[in-house]
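Asks: This is entry.cif (mmCIF, C-alpha atoms and all ligand atoms).
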```cif
data_start
loop_
_atom_site.group_PDB
_atom_site.id
_atom_site.type_symbol
_atom_site.label_atom_id
_atom_site.label_comp_id
_atom_site.auth_asym_id
_atom_site.auth_seq_id
_atom_site.Cartn_x
_atom_site.Cartn_y
_atom_site.Cartn_z
ATOM 1 C CA MET X 13 79.881 94.374 86.994
ATOM 2 C CA ILE X 14 81.955 91.949 84.965
ATOM 3 C CA PRO X 15 80.271 88.492 85.026
ATOM 4 C CA GLU X 16 82.217 85.691 86.737
ATOM 5 C CA GLY X 17 82.976 82.182 85.517
ATOM 6 C CA GLY X 18 86.100 80.026 85.839
ATOM 7 C CA SER X 19 88.379 80.128 82.782
ATOM 8 C CA ASP X 20 89.164 77.280 80.592
ATOM 9 C CA LEU X 21 90.079 77.969 77.029
ATOM 10 C CA ALA X 22 86.846 76.460 75.712
ATOM 11 C CA ALA X 23 84.728 78.624 78.051
ATOM 12 C CA VAL X 24 86.380 81.987 77.406
ATOM 13 C CA SER X 25 85.372 84.179 74.494
ATOM 14 C CA ASN X 26 86.390 87.547 73.130
ATOM 15 C CA ALA X 27 83.861 89.088 75.546
ATOM 16 C CA SER X 28 85.728 87.675 78.577
ATOM 17 C CA PRO X 29 87.827 90.117 80.603
ATOM 18 C CA ILE X 30 91.622 90.422 80.613
ATOM 19 C CA GLY X 31 93.165 89.575 84.001
ATOM 20 C CA VAL X 32 96.124 91.560 85.323
ATOM 21 C CA PHE X 33 97.967 90.898 88.572
ATOM 22 C CA ASP X 34 100.773 92.584 90.423
ATOM 23 C CA SER X 35 102.383 92.477 93.851
ATOM 24 C CA GLY X 36 100.542 95.684 94.731
ATOM 25 C CA LEU X 37 99.478 98.940 93.109
ATOM 26 C CA GLY X 38 102.509 99.439 90.821
ATOM 27 C CA GLY X 39 100.932 97.210 88.169
ATOM 28 C CA LEU X 40 98.348 99.943 87.630
ATOM 29 C CA THR X 41 100.963 101.455 85.276
ATOM 30 C CA VAL X 42 100.525 98.335 83.150
ATOM 31 C CA LEU X 43 96.742 98.481 83.480
ATOM 32 C CA ARG X 44 96.856 102.102 82.337
ATOM 33 C CA SER X 45 98.885 101.215 79.228
ATOM 34 C CA LEU X 46 96.627 98.233 78.502
ATOM 35 C CA HIS X 47 93.451 100.293 78.878
ATOM 36 C CA ARG X 48 94.878 102.990 76.620
ATOM 37 C CA ARG X 49 95.869 100.430 73.970
ATOM 38 C CA LEU X 50 92.703 98.283 74.262
ATOM 39 C CA PRO X 51 90.011 100.699 75.480
ATOM 40 C CA CYS X 52 87.019 98.468 74.808
ATOM 41 C CA GLU X 53 88.341 95.493 76.809
ATOM 42 C CA ASP X 54 87.083 94.758 80.338
ATOM 43 C CA ILE X 55 90.010 94.317 82.709
ATOM 44 C CA ILE X 56 90.117 92.714 86.156
ATOM 45 C CA TYR X 57 93.089 93.858 88.258
ATOM 46 C CA PHE X 58 94.369 92.068 91.331
ATOM 47 C CA GLY X 59 97.012 93.718 93.525
ATOM 48 C CA ASP X 60 98.517 91.642 96.336
ATOM 49 C CA THR X 61 98.778 94.664 98.622
ATOM 50 C CA ALA X 62 98.856 92.468 101.754
ATOM 51 C CA ARG X 63 102.103 90.798 100.698
ATOM 52 C CA VAL X 64 103.875 93.501 98.669
ATOM 53 C CA PRO X 65 106.841 93.825 98.052
ATOM 54 C CA TYR X 66 107.736 90.773 95.984
ATOM 55 C CA GLY X 67 111.047 92.299 94.891
ATOM 56 C CA THR X 68 112.815 91.481 98.149
ATOM 57 C CA LYS X 69 111.464 87.917 98.409
ATOM 58 C CA GLY X 70 112.846 84.596 97.196
ATOM 59 C CA GLU X 71 111.844 82.637 94.127
ATOM 60 C CA ASN X 72 109.684 79.994 95.834
ATOM 61 C CA THR X 73 107.701 82.552 97.808
ATOM 62 C CA VAL X 74 107.030 84.737 94.780
ATOM 63 C CA ARG X 75 106.022 81.714 92.708
ATOM 64 C CA ALA X 76 103.594 80.531 95.402
ATOM 65 C CA PHE X 77 102.016 84.006 95.620
ATOM 66 C CA ALA X 78 101.826 84.301 91.820
ATOM 67 C CA ARG X 79 100.070 80.954 91.690
ATOM 68 C CA GLN X 80 97.343 82.266 93.981
ATOM 69 C CA ASP X 81 97.099 85.649 92.239
ATOM 70 C CA ALA X 82 96.686 84.022 88.833
ATOM 71 C CA GLY X 83 94.291 81.389 90.256
ATOM 72 C CA LEU X 84 92.005 84.156 91.520
ATOM 73 C CA LEU X 85 91.864 85.725 88.050
ATOM 74 C CA VAL X 86 91.245 82.385 86.358
ATOM 75 C CA ASP X 87 88.362 81.773 88.782
ATOM 76 C CA LYS X 88 86.895 85.047 87.529
ATOM 77 C CA GLY X 89 86.865 83.791 83.961
ATOM 78 C CA VAL X 90 89.631 85.845 82.357
ATOM 79 C CA LYS X 91 90.705 85.090 78.767
ATOM 80 C CA VAL X 92 94.359 85.940 79.330
ATOM 81 C CA VAL X 93 96.501 86.498 82.428
ATOM 82 C CA VAL X 94 98.886 89.454 82.289
ATOM 83 C CA VAL X 95 101.672 89.337 84.854
ATOM 84 C CA ALA X 96 102.305 93.046 85.377
ATOM 85 C CA CYS X 97 104.874 92.488 88.119
ATOM 86 C CA ASN X 98 108.425 92.154 86.813
ATOM 87 C CA THR X 99 109.526 90.084 89.812
ATOM 88 C CA ALA X 100 106.624 87.644 89.357
ATOM 89 C CA SER X 101 107.318 87.540 85.608
ATOM 90 C CA ALA X 102 110.951 86.696 86.391
ATOM 91 C CA PHE X 103 110.191 83.924 88.865
ATOM 92 C CA ALA X 104 106.831 82.500 87.860
ATOM 93 C CA LEU X 105 106.077 83.033 84.171
ATOM 94 C CA GLU X 106 107.162 79.601 82.956
ATOM 95 C CA TYR X 107 105.365 77.888 85.807
ATOM 96 C CA LEU X 108 102.145 79.838 85.149
ATOM 97 C CA ARG X 109 102.340 79.058 81.430
ATOM 98 C CA SER X 110 102.545 75.364 82.171
ATOM 99 C CA ALA X 111 99.783 75.442 84.795
ATOM 100 C CA LEU X 112 97.112 77.811 83.471
ATOM 101 C CA PRO X 113 94.378 76.975 80.983
ATOM 102 C CA VAL X 114 94.629 80.408 79.312
ATOM 103 C CA PRO X 115 97.527 82.308 77.689
ATOM 104 C CA VAL X 116 99.887 84.127 80.061
ATOM 105 C CA LEU X 117 101.901 87.250 79.225
ATOM 106 C CA GLY X 118 104.751 88.685 81.255
ATOM 107 C CA VAL X 119 106.650 91.950 81.036
ATOM 108 C CA ILE X 120 110.142 90.612 80.399
ATOM 109 C CA GLU X 121 109.867 89.323 76.823
ATOM 110 C CA PRO X 122 108.265 92.528 75.430
ATOM 111 C CA GLY X 123 110.819 94.674 77.306
ATOM 112 C CA VAL X 124 113.738 92.648 75.955
ATOM 113 C CA ALA X 125 112.361 92.762 72.395
ATOM 114 C CA ALA X 126 111.944 96.544 72.560
ATOM 115 C CA ALA X 127 115.453 97.030 73.954
ATOM 116 C CA LEU X 128 117.005 94.875 71.235
ATOM 117 C CA GLU X 129 115.217 96.973 68.659
ATOM 118 C CA ALA X 130 116.231 100.271 70.253
ATOM 119 C CA THR X 131 119.917 99.632 70.928
ATOM 120 C CA ARG X 132 122.443 101.119 68.557
ATOM 121 C CA GLY X 133 124.989 98.379 69.132
ATOM 122 C CA GLY X 134 126.228 99.614 72.483
ATOM 123 C CA VAL X 135 125.456 98.473 76.024
ATOM 124 C CA VAL X 136 121.885 97.771 77.157
ATOM 125 C CA GLY X 137 121.143 98.460 80.817
ATOM 126 C CA VAL X 138 118.361 96.923 82.860
ATOM 127 C CA ILE X 139 117.201 98.085 86.271
ATOM 128 C CA GLY X 140 114.705 96.384 88.580
ATOM 129 C CA THR X 141 114.095 94.945 92.019
ATOM 130 C CA SER X 142 116.687 92.675 93.625
ATOM 131 C CA GLY X 143 114.591 89.624 92.716
ATOM 132 C CA THR X 144 114.211 90.607 89.061
ATOM 133 C CA ILE X 145 117.892 91.391 88.566
ATOM 134 C CA ARG X 146 119.146 88.356 90.514
ATOM 135 C CA SER X 147 116.829 86.028 88.578
ATOM 136 C CA GLY X 148 118.914 86.900 85.488
ATOM 137 C CA ARG X 149 115.827 86.654 83.250
ATOM 138 C CA TYR X 150 116.285 89.991 81.466
ATOM 139 C CA GLN X 151 119.989 89.259 80.993
ATOM 140 C CA ASP X 152 119.161 85.788 79.564
ATOM 141 C CA GLY X 153 116.696 87.314 77.116
ATOM 142 C CA LEU X 154 119.218 89.905 75.920
ATOM 143 C CA ARG X 155 121.849 87.180 75.473
ATOM 144 C CA VAL X 156 119.428 85.051 73.465
ATOM 145 C CA GLY X 157 118.807 88.177 71.382
ATOM 146 C CA GLY X 158 122.486 88.266 70.440
ATOM 147 C CA LEU X 159 124.128 90.571 73.001
ATOM 148 C CA SER X 160 127.384 89.549 74.637
ATOM 149 C CA ASP X 161 127.937 89.739 78.402
ATOM 150 C CA ASP X 162 129.847 92.999 78.103
ATOM 151 C CA GLN X 163 126.901 94.562 76.238
ATOM 152 C CA ILE X 164 124.569 93.956 79.210
ATOM 153 C CA MET X 165 124.606 95.856 82.488
ATOM 154 C CA ALA X 166 122.041 94.979 85.176
ATOM 155 C CA VAL X 167 121.588 96.961 88.383
ATOM 156 C CA GLU X 168 119.226 96.362 91.325
ATOM 157 C CA CYS X 169 117.565 99.541 92.600
ATOM 158 C CA PRO X 170 115.739 98.486 95.791
ATOM 159 C CA LEU X 171 115.082 102.037 97.042
ATOM 160 C CA PHE X 172 113.150 103.147 93.977
ATOM 161 C CA VAL X 173 109.905 101.326 94.899
ATOM 162 C CA PRO X 174 109.471 102.896 98.367
ATOM 163 C CA LEU X 175 110.555 106.322 97.097
ATOM 164 C CA VAL X 176 107.959 106.243 94.304
ATOM 165 C CA GLU X 177 105.280 105.128 96.772
ATOM 166 C CA GLU X 178 106.263 108.064 99.000
ATOM 167 C CA ASP X 179 105.880 110.404 96.012
ATOM 168 C CA LYS X 180 109.511 111.593 96.004
ATOM 169 C CA MET X 181 109.719 112.014 92.224
ATOM 170 C CA GLY X 182 111.708 115.096 91.243
ATOM 171 C CA GLN X 183 112.953 115.577 94.803
ATOM 172 C CA THR X 184 116.495 115.524 96.197
ATOM 173 C CA LEU X 185 116.068 112.144 97.880
ATOM 174 C CA MET X 186 115.083 110.575 94.575
ATOM 175 C CA GLN X 187 117.836 112.341 92.666
ATOM 176 C CA LEU X 188 120.406 110.977 95.145
ATOM 177 C CA ALA X 189 119.065 107.442 94.709
ATOM 178 C CA VAL X 190 119.058 107.840 90.922
ATOM 179 C CA GLN X 191 122.684 108.964 91.003
ATOM 180 C CA GLU X 192 123.685 106.167 93.390
ATOM 181 C CA TYR X 193 122.220 103.428 91.215
ATOM 182 C CA LEU X 194 122.607 104.813 87.714
ATOM 183 C CA GLN X 195 126.052 106.428 87.791
ATOM 184 C CA PRO X 196 127.783 103.189 86.654
ATOM 185 C CA LEU X 197 125.268 102.854 83.801
ATOM 186 C CA ARG X 198 125.880 106.442 82.728
ATOM 187 C CA ASP X 199 129.660 106.030 82.993
ATOM 188 C CA THR X 200 129.460 102.947 80.786
ATOM 189 C CA GLY X 201 127.431 104.904 78.233
ATOM 190 C CA VAL X 202 124.428 102.579 77.977
ATOM 191 C CA ASP X 203 122.417 103.548 74.898
ATOM 192 C CA THR X 204 119.221 101.775 76.004
ATOM 193 C CA LEU X 205 117.844 101.296 79.511
ATOM 194 C CA ILE X 206 115.027 98.880 80.352
ATOM 195 C CA LEU X 207 112.800 100.145 83.179
ATOM 196 C CA GLY X 208 112.258 96.647 84.590
ATOM 197 C CA CYS X 209 109.795 97.393 87.372
ATOM 198 C CA THR X 210 106.170 98.474 87.573
ATOM 199 C CA HIS X 211 107.117 101.635 89.472
ATOM 200 C CA TYR X 212 109.767 102.972 87.141
ATOM 201 C CA PRO X 213 107.526 104.524 84.456
ATOM 202 C CA LEU X 214 106.847 107.188 87.116
ATOM 203 C CA LEU X 215 110.592 107.831 87.270
ATOM 204 C CA LYS X 216 111.048 108.515 83.571
ATOM 205 C CA ASP X 217 111.715 112.224 84.122
ATOM 206 C CA ASP X 218 114.238 111.697 86.940
ATOM 207 C CA ILE X 219 116.008 108.879 85.101
ATOM 208 C CA GLY X 220 115.859 110.607 81.705
ATOM 209 C CA ALA X 221 117.311 113.833 83.164
ATOM 210 C CA PHE X 222 120.188 111.913 84.743
ATOM 211 C CA MET X 223 120.986 109.595 81.824
ATOM 212 C CA GLY X 224 120.673 112.311 79.162
ATOM 213 C CA PRO X 225 119.110 112.317 75.691
ATOM 214 C CA ASN X 226 121.379 109.631 74.228
ATOM 215 C CA THR X 227 119.846 106.874 76.359
ATOM 216 C CA THR X 228 116.544 105.399 75.145
ATOM 217 C CA LEU X 229 114.278 104.388 78.034
ATOM 218 C CA VAL X 230 112.236 101.229 77.446
ATOM 219 C CA ASP X 231 108.934 101.268 79.328
ATOM 220 C CA SER X 232 107.918 97.647 79.778
ATOM 221 C CA ALA X 233 104.283 98.648 80.505
ATOM 222 C CA ASP X 234 103.792 100.071 77.003
ATOM 223 C CA MET X 235 105.575 97.130 75.402
ATOM 224 C CA LEU X 236 103.387 94.669 77.281
ATOM 225 C CA ALA X 237 100.210 96.407 76.105
ATOM 226 C CA GLU X 238 101.401 96.006 72.501
ATOM 227 C CA ALA X 239 102.169 92.321 73.102
ATOM 228 C CA ALA X 240 98.710 91.782 74.657
ATOM 229 C CA ALA X 241 96.993 93.375 71.643
ATOM 230 C CA LEU X 242 98.941 91.103 69.309
ATOM 231 C CA LEU X 243 98.290 87.945 71.329
ATOM 232 C CA LEU X 244 94.533 88.615 71.593
ATOM 233 C CA SER X 245 94.320 89.282 67.895
ATOM 234 C CA GLU X 246 96.228 86.075 67.052
ATOM 235 C CA GLU X 247 94.001 84.047 69.406
ATOM 236 C CA LYS X 248 90.865 85.724 67.964
ATOM 237 C CA LEU X 249 90.052 86.967 71.446
ATOM 238 C CA LEU X 250 89.981 90.721 70.734
ATOM 239 C CA ARG X 251 86.788 92.433 71.779
ATOM 240 C CA GLY X 252 85.151 94.482 69.004
ATOM 241 C CA GLN X 253 86.339 97.790 67.636
ATOM 242 C CA PRO X 254 87.870 100.426 69.930
ATOM 243 C CA SER X 255 85.077 102.878 69.150
ATOM 244 C CA ALA X 256 82.343 100.361 70.015
ATOM 245 C CA ARG X 257 82.416 100.481 73.825
ATOM 246 C CA GLN X 258 84.322 101.642 76.869
ATOM 247 C CA GLY X 259 85.752 98.687 78.799
ATOM 248 C CA GLU X 260 84.993 98.240 82.503
ATOM 249 C CA LEU X 261 87.784 98.095 85.059
ATOM 250 C CA GLU X 262 87.363 96.039 88.227
ATOM 251 C CA PHE X 263 89.806 96.084 91.147
ATOM 252 C CA TYR X 264 90.611 93.443 93.761
ATOM 253 C CA LEU X 265 93.216 93.888 96.503
ATOM 254 C CA SER X 266 94.366 91.664 99.363
ATOM 255 C CA ASP X 267 94.609 94.661 101.727
ATOM 256 C CA LEU X 268 93.541 98.297 101.671
ATOM 257 C CA PRO X 269 96.751 100.340 102.192
ATOM 258 C CA TRP X 270 96.490 103.627 104.087
ATOM 259 C CA LYS X 271 97.465 105.653 101.059
ATOM 260 C CA PHE X 272 95.559 103.480 98.617
ATOM 261 C CA SER X 273 93.670 106.224 96.812
ATOM 262 C CA GLN X 274 96.663 108.606 96.380
ATOM 263 C CA ILE X 275 99.051 105.855 95.304
ATOM 264 C CA GLY X 276 96.445 104.223 93.079
ATOM 265 C CA GLU X 277 95.631 107.476 91.342
ATOM 266 C CA ARG X 278 99.319 108.247 90.810
ATOM 267 C CA PHE X 279 99.892 104.923 89.044
ATOM 268 C CA LEU X 280 96.610 104.774 87.140
ATOM 269 C CA GLY X 281 96.325 108.462 86.308
ATOM 270 C CA ARG X 282 92.791 108.705 87.654
ATOM 271 C CA PRO X 283 90.953 107.786 90.865
ATOM 272 C CA ILE X 284 89.858 104.197 91.497
ATOM 273 C CA ALA X 285 86.166 104.201 92.278
ATOM 274 C CA ASP X 286 85.993 100.988 94.254
ATOM 275 C CA ALA X 287 88.132 97.994 95.212
ATOM 276 C CA THR X 288 87.018 94.642 96.616
ATOM 277 C CA ILE X 289 89.198 93.160 99.354
ATOM 278 C CA VAL X 290 90.095 89.484 99.012
ATOM 279 C CA GLY X 291 91.238 87.861 102.274
ATOM 280 C CA LEU X 292 94.457 85.827 102.364
ATOM 281 C CA ASP X 293 92.489 82.641 103.157
ATOM 282 C CA GLU X 294 90.518 83.228 99.965
ATOM 283 C CA MET X 295 93.799 83.720 98.114
ATOM 284 C CA GLU X 296 95.126 80.414 99.350
ATOM 285 C CA ALA X 297 91.960 78.688 98.200
ATOM 286 C CA ALA X 298 92.355 80.349 94.791
ATOM 287 C CA GLY X 299 95.808 78.790 94.183
ATOM 288 C CA ILE X 300 95.810 77.179 90.764
ATOM 289 C CA LYS X 301 93.854 73.982 90.926
ATOM 290 C CA HIS X 302 93.106 73.686 87.262
ATOM 291 C CA LYS X 303 96.146 71.868 86.053
ATOM 292 C CA GLY X 304 99.722 71.048 87.007
ATOM 293 C CA GLU X 305 101.522 70.508 90.264
ATOM 294 C CA ASN X 306 102.369 72.868 93.051
ATOM 295 C CA PRO X 307 105.371 75.020 92.079
HETATM 296 N N1 LIG F 1 105.777 95.036 91.139
HETATM 297 C C1 LIG F 1 107.178 94.856 91.482
HETATM 298 C C2 LIG F 1 107.984 94.643 90.199
HETATM 299 O O1 LIG F 1 107.627 95.104 89.142
HETATM 300 C C3 LIG F 1 107.703 96.039 92.285
HETATM 301 C C4 LIG F 1 107.178 96.093 93.687
HETATM 302 C C5 LIG F 1 107.556 94.891 94.512
HETATM 303 O O2 LIG F 1 108.737 94.744 94.889
HETATM 304 O O3 LIG F 1 106.680 94.087 94.757
HETATM 305 O O4 LIG F 1 109.000 93.996 90.249
#
```
Please lay out the structure from this file as structure tokens.
Ligand code: DGL
Replies:
Amino acid sequence: MIPEGGSDLAAVSNASPIGVFDSGLGGLTVLRSLHRRLPCEDIIYFGDTARVPYGTKGENTVRAFARQDAGLLVDKGVKVVVVACNTASAFALEYLRSALPVPVLGVIEPGVAAALEATRGGVVGVIGTSGTIRSGRYQDGLRVGGLSDDQIMAVECPLFVPLVEEDKMGQTLMQLAVQEYLQPLRDTGVDTLILGCTHYPLLKDDIGAFMGPNTTLVDSADMLAEAAALLLSEEKLLRGQPSARQGELEFYLSDLPWKFSQIGERFLGRPIADATIVGLDEMEAAGIKHKGENP
């Protein structure tokens, strides 16, 4: 059991857990990458399974949910908050950074940095939920990194999340959706494609087969794990040597979905022993109260 205690920067230490939140179970792909990269760290995961999906919702709603998700983790004494959800990163990262007493990492900056490094001067594609793509955050980052508008192609893929949750990878239904969304990217000859959603790492084979070997796929989960390792090391908050201990994983959800164990295992790569349910009233009470205004 990871000990509790509200975070403020003075109270956290390198022994404090990392906090990760997502709109649901998709963020377990990020948890998996983080745990692989930082195996001796304790990690607390919160999935807002009662209110998923975030990708179809508006900015204010997502920001209000993110505020509660992050507040819950801060109440548990985490040393850093990792926003695994691309939609929440798009809509709430700046707000969370201004409001939280601990460092906050999102998936967009590491994904953009990796894409800028991978591109061979052609067009960079980014795919994600409607919210992520419409926020324009990935596109802004690529522009700041020096790409022109005609070197950026962003496509919303709203059917991918439900199809992954229904385990349709490698099946005709998924291949049709992949073709529907990605044909324009393939026709344009994108050389790098950012998988801008928690669920898309599970689609690497379908997407890779369709796009062909000349398109580099950027997995934002892996990039985020790298960024977290760097941030913790810079802040002197890394916990010991990787060989020293095996970190504990703790799971909190706002609802227990029917297919929780199958979906969870698919994203995490192993079964989840136990998850604690946090009621929505508790979530509302957890909304950031440490600093800053309401979003
Ligand atoms: N976690 C979301 C994201 O990465 C996908 C699922 C949702 O729409 O909530 O954008």
Asks: Just want the residues within 7 Å of ligand LIG 1 (chain F), written as a ChimeraX atom specification, counting all atoms listed in the file.
Replies: /X:34-36,38-39,64-68,96-100,140-141,144,173,208-211
Asks: Tell me which protein, DNA and RNA residues are within 9 Å of segment 270-281 of chain X, counting only C-alpha atoms, leaving out same-chain ones fewer than 6 positions away, and put them as a count of residues only.
Replies: 16
Asks: Using Å and a single decimal, report how far atom CA of Asp218 of chain X sits from atom CA of Lys180 of chain X.
Replies: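 About the pair atom CA of Lys180 of chain X and atom CA of Asp218 of chain X: they are 10.2 Å apart.
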Asks: So which residues touch Ala82 of chain X within 8 Å, counting only C-alpha atoms, skipping near sequence neighbours fewer than 3 positions away, as number ranges by chain?
Replies: X: 33, 78-79, 85-86, 93, 108, 299-300
Asks: Near Val202 of chain X, within 9 Å and counting all atoms listed in the file, which residues show up once chain neighbours fewer than 2 positions away are dropped, as an MDAnalysis selection string?
Replies: chainID X and resid 131 134:137 163:165 197:200 204:205 223 226:228
Asks: Just to be explicit: take each residue in the selection above, keep C-alpha atoms, and write the result as a PDB file, in the frame of the given file.
Replies:
```pdb
ATOM      1  CA  THR X 131     119.917  99.632  70.928  1.00  0.00           C
ATOM      2  CA  GLY X 134     126.228  99.614  72.483  1.00  0.00           C
ATOM      3  CA  VAL X 135     125.456  98.473  76.024  1.00  0.00           C
ATOM      4  CA  VAL X 136     121.885  97.771  77.157  1.00  0.00           C
ATOM      5  CA  GLY X 137     121.143  98.460  80.817  1.00  0.00           C
ATOM      6  CA  GLN X 163     126.901  94.562  76.238  1.00  0.00           C
ATOM      7  CA  ILE X 164     124.569  93.956  79.210  1.00  0.00           C
ATOM      8  CA  MET X 165     124.606  95.856  82.488  1.00  0.00           C
ATOM      9  CA  LEU X 197     125.268 102.854  83.801  1.00  0.00           C
ATOM     10  CA  ARG X 198     125.880 106.442  82.728  1.00  0.00           C
ATOM     11  CA  ASP X 199     129.660 106.030  82.993  1.00  0.00           C
ATOM     12  CA  THR X 200     129.460 102.947  80.786  1.00  0.00           C
ATOM     13  CA  THR X 204     119.221 101.775  76.004  1.00  0.00           C
ATOM     14  CA  LEU X 205     117.844 101.296  79.511  1.00  0.00           C
ATOM     15  CA  MET X 223     120.986 109.595  81.824  1.00  0.00           C
ATOM     16  CA  ASN X 226     121.379 109.631  74.228  1.00  0.00           C
ATOM     17  CA  THR X 227     119.846 106.874  76.359  1.00  0.00           C
ATOM     18  CA  THR X 228     116.544 105.399  75.145  1.00  0.00           C
TER      19      THR X 228
END
```
Asks: Can you list, as a list in words, every protein, DNA or RNA residue that comes within 8 Å of segment 104-106 of chain X when you count only C-alpha atoms, leaving out same-chain residues fewer than 2 positions away?
Replies: Val74, Arg75, Ala78, Arg79, Val95, Ala100, Ser101, Ala102, Leu108, Arg109, Ser110, Val116, Leu117 and Gly118 of chain X
Asks: Which of these residues is nearest to Glu262 of chain X, using only C-alpha atoms: X:Leu175, X:Val114, X:Ile56, X:Met181?
Replies: X:Ile56
Asks: (108.1, 77.7, 96.8) in this file's frame - what residues fall within 12 Å of it? Use all atoms listed in the file and give the answer as a tab-separated table (two decimals) with C-alpha atoms, keeping the file's coordinate frame.
Replies:
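This went into selection23.tsv:
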```
chain	number	residue	atom	x	y	z
X	69	LYS	CA	111.46	87.92	98.41
X	70	GLY	CA	112.85	84.60	97.20
X	71	GLU	CA	111.84	82.64	94.13
X	72	ASN	CA	109.68	79.99	95.83
X	73	THR	CA	107.70	82.55	97.81
X	74	VAL	CA	107.03	84.74	94.78
X	75	ARG	CA	106.02	81.71	92.71
X	76	ALA	CA	103.59	80.53	95.40
X	77	PHE	CA	102.02	84.01	95.62
X	78	ALA	CA	101.83	84.30	91.82
X	79	ARG	CA	100.07	80.95	91.69
X	103	PHE	CA	110.19	83.92	88.86
X	104	ALA	CA	106.83	82.50	87.86
X	107	TYR	CA	105.36	77.89	85.81
X	305	GLU	CA	101.52	70.51	90.26
X	306	ASN	CA	102.37	72.87	93.05
X	307	PRO	CA	105.37	75.02	92.08
```
Asks: Excluding Ile219 of chain X and its own-chain neighbours fewer than 2 positions away, which residues fall within 9 Å of it when counting all atoms listed in the file? Please give them as JSON, numbers by chain.
Replies: {"X": [187, 190, 191, 194, 212, 215, 216, 217, 221, 222, 223, 224, 229]}
Asks: Between atom CA of Leu207 of chain X and atom CA of Arg132 of chain X, what is the distance in Å, rounded to a tenth?
Replies: 17.5 Å
Asks: Could you check how far atom CA of Asp60 of chain X sits from atom CA of Ala298 of chain X, in Å to one decimal?
Replies: 13.0 Å
Asks: Starting from the displayed file, determine the output of the PyMOL selection byres (((chain X and resi 54) around 7) and not hetatm) and express the residue list as a PyMOL selection string.
Replies: chain X and resi 29-30+52-53+55-56+259-261
Asks: Please determine, counting only C-alpha atoms, which residue among X:Ala111, X:Leu249, X:Ala239, X:Leu268 has the shortest atom-to-atom distance to Ala287 of chain X.
Replies: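 Using only C-alpha atoms, the shortest distance to Ala287 of chain X belongs to X:Leu268.
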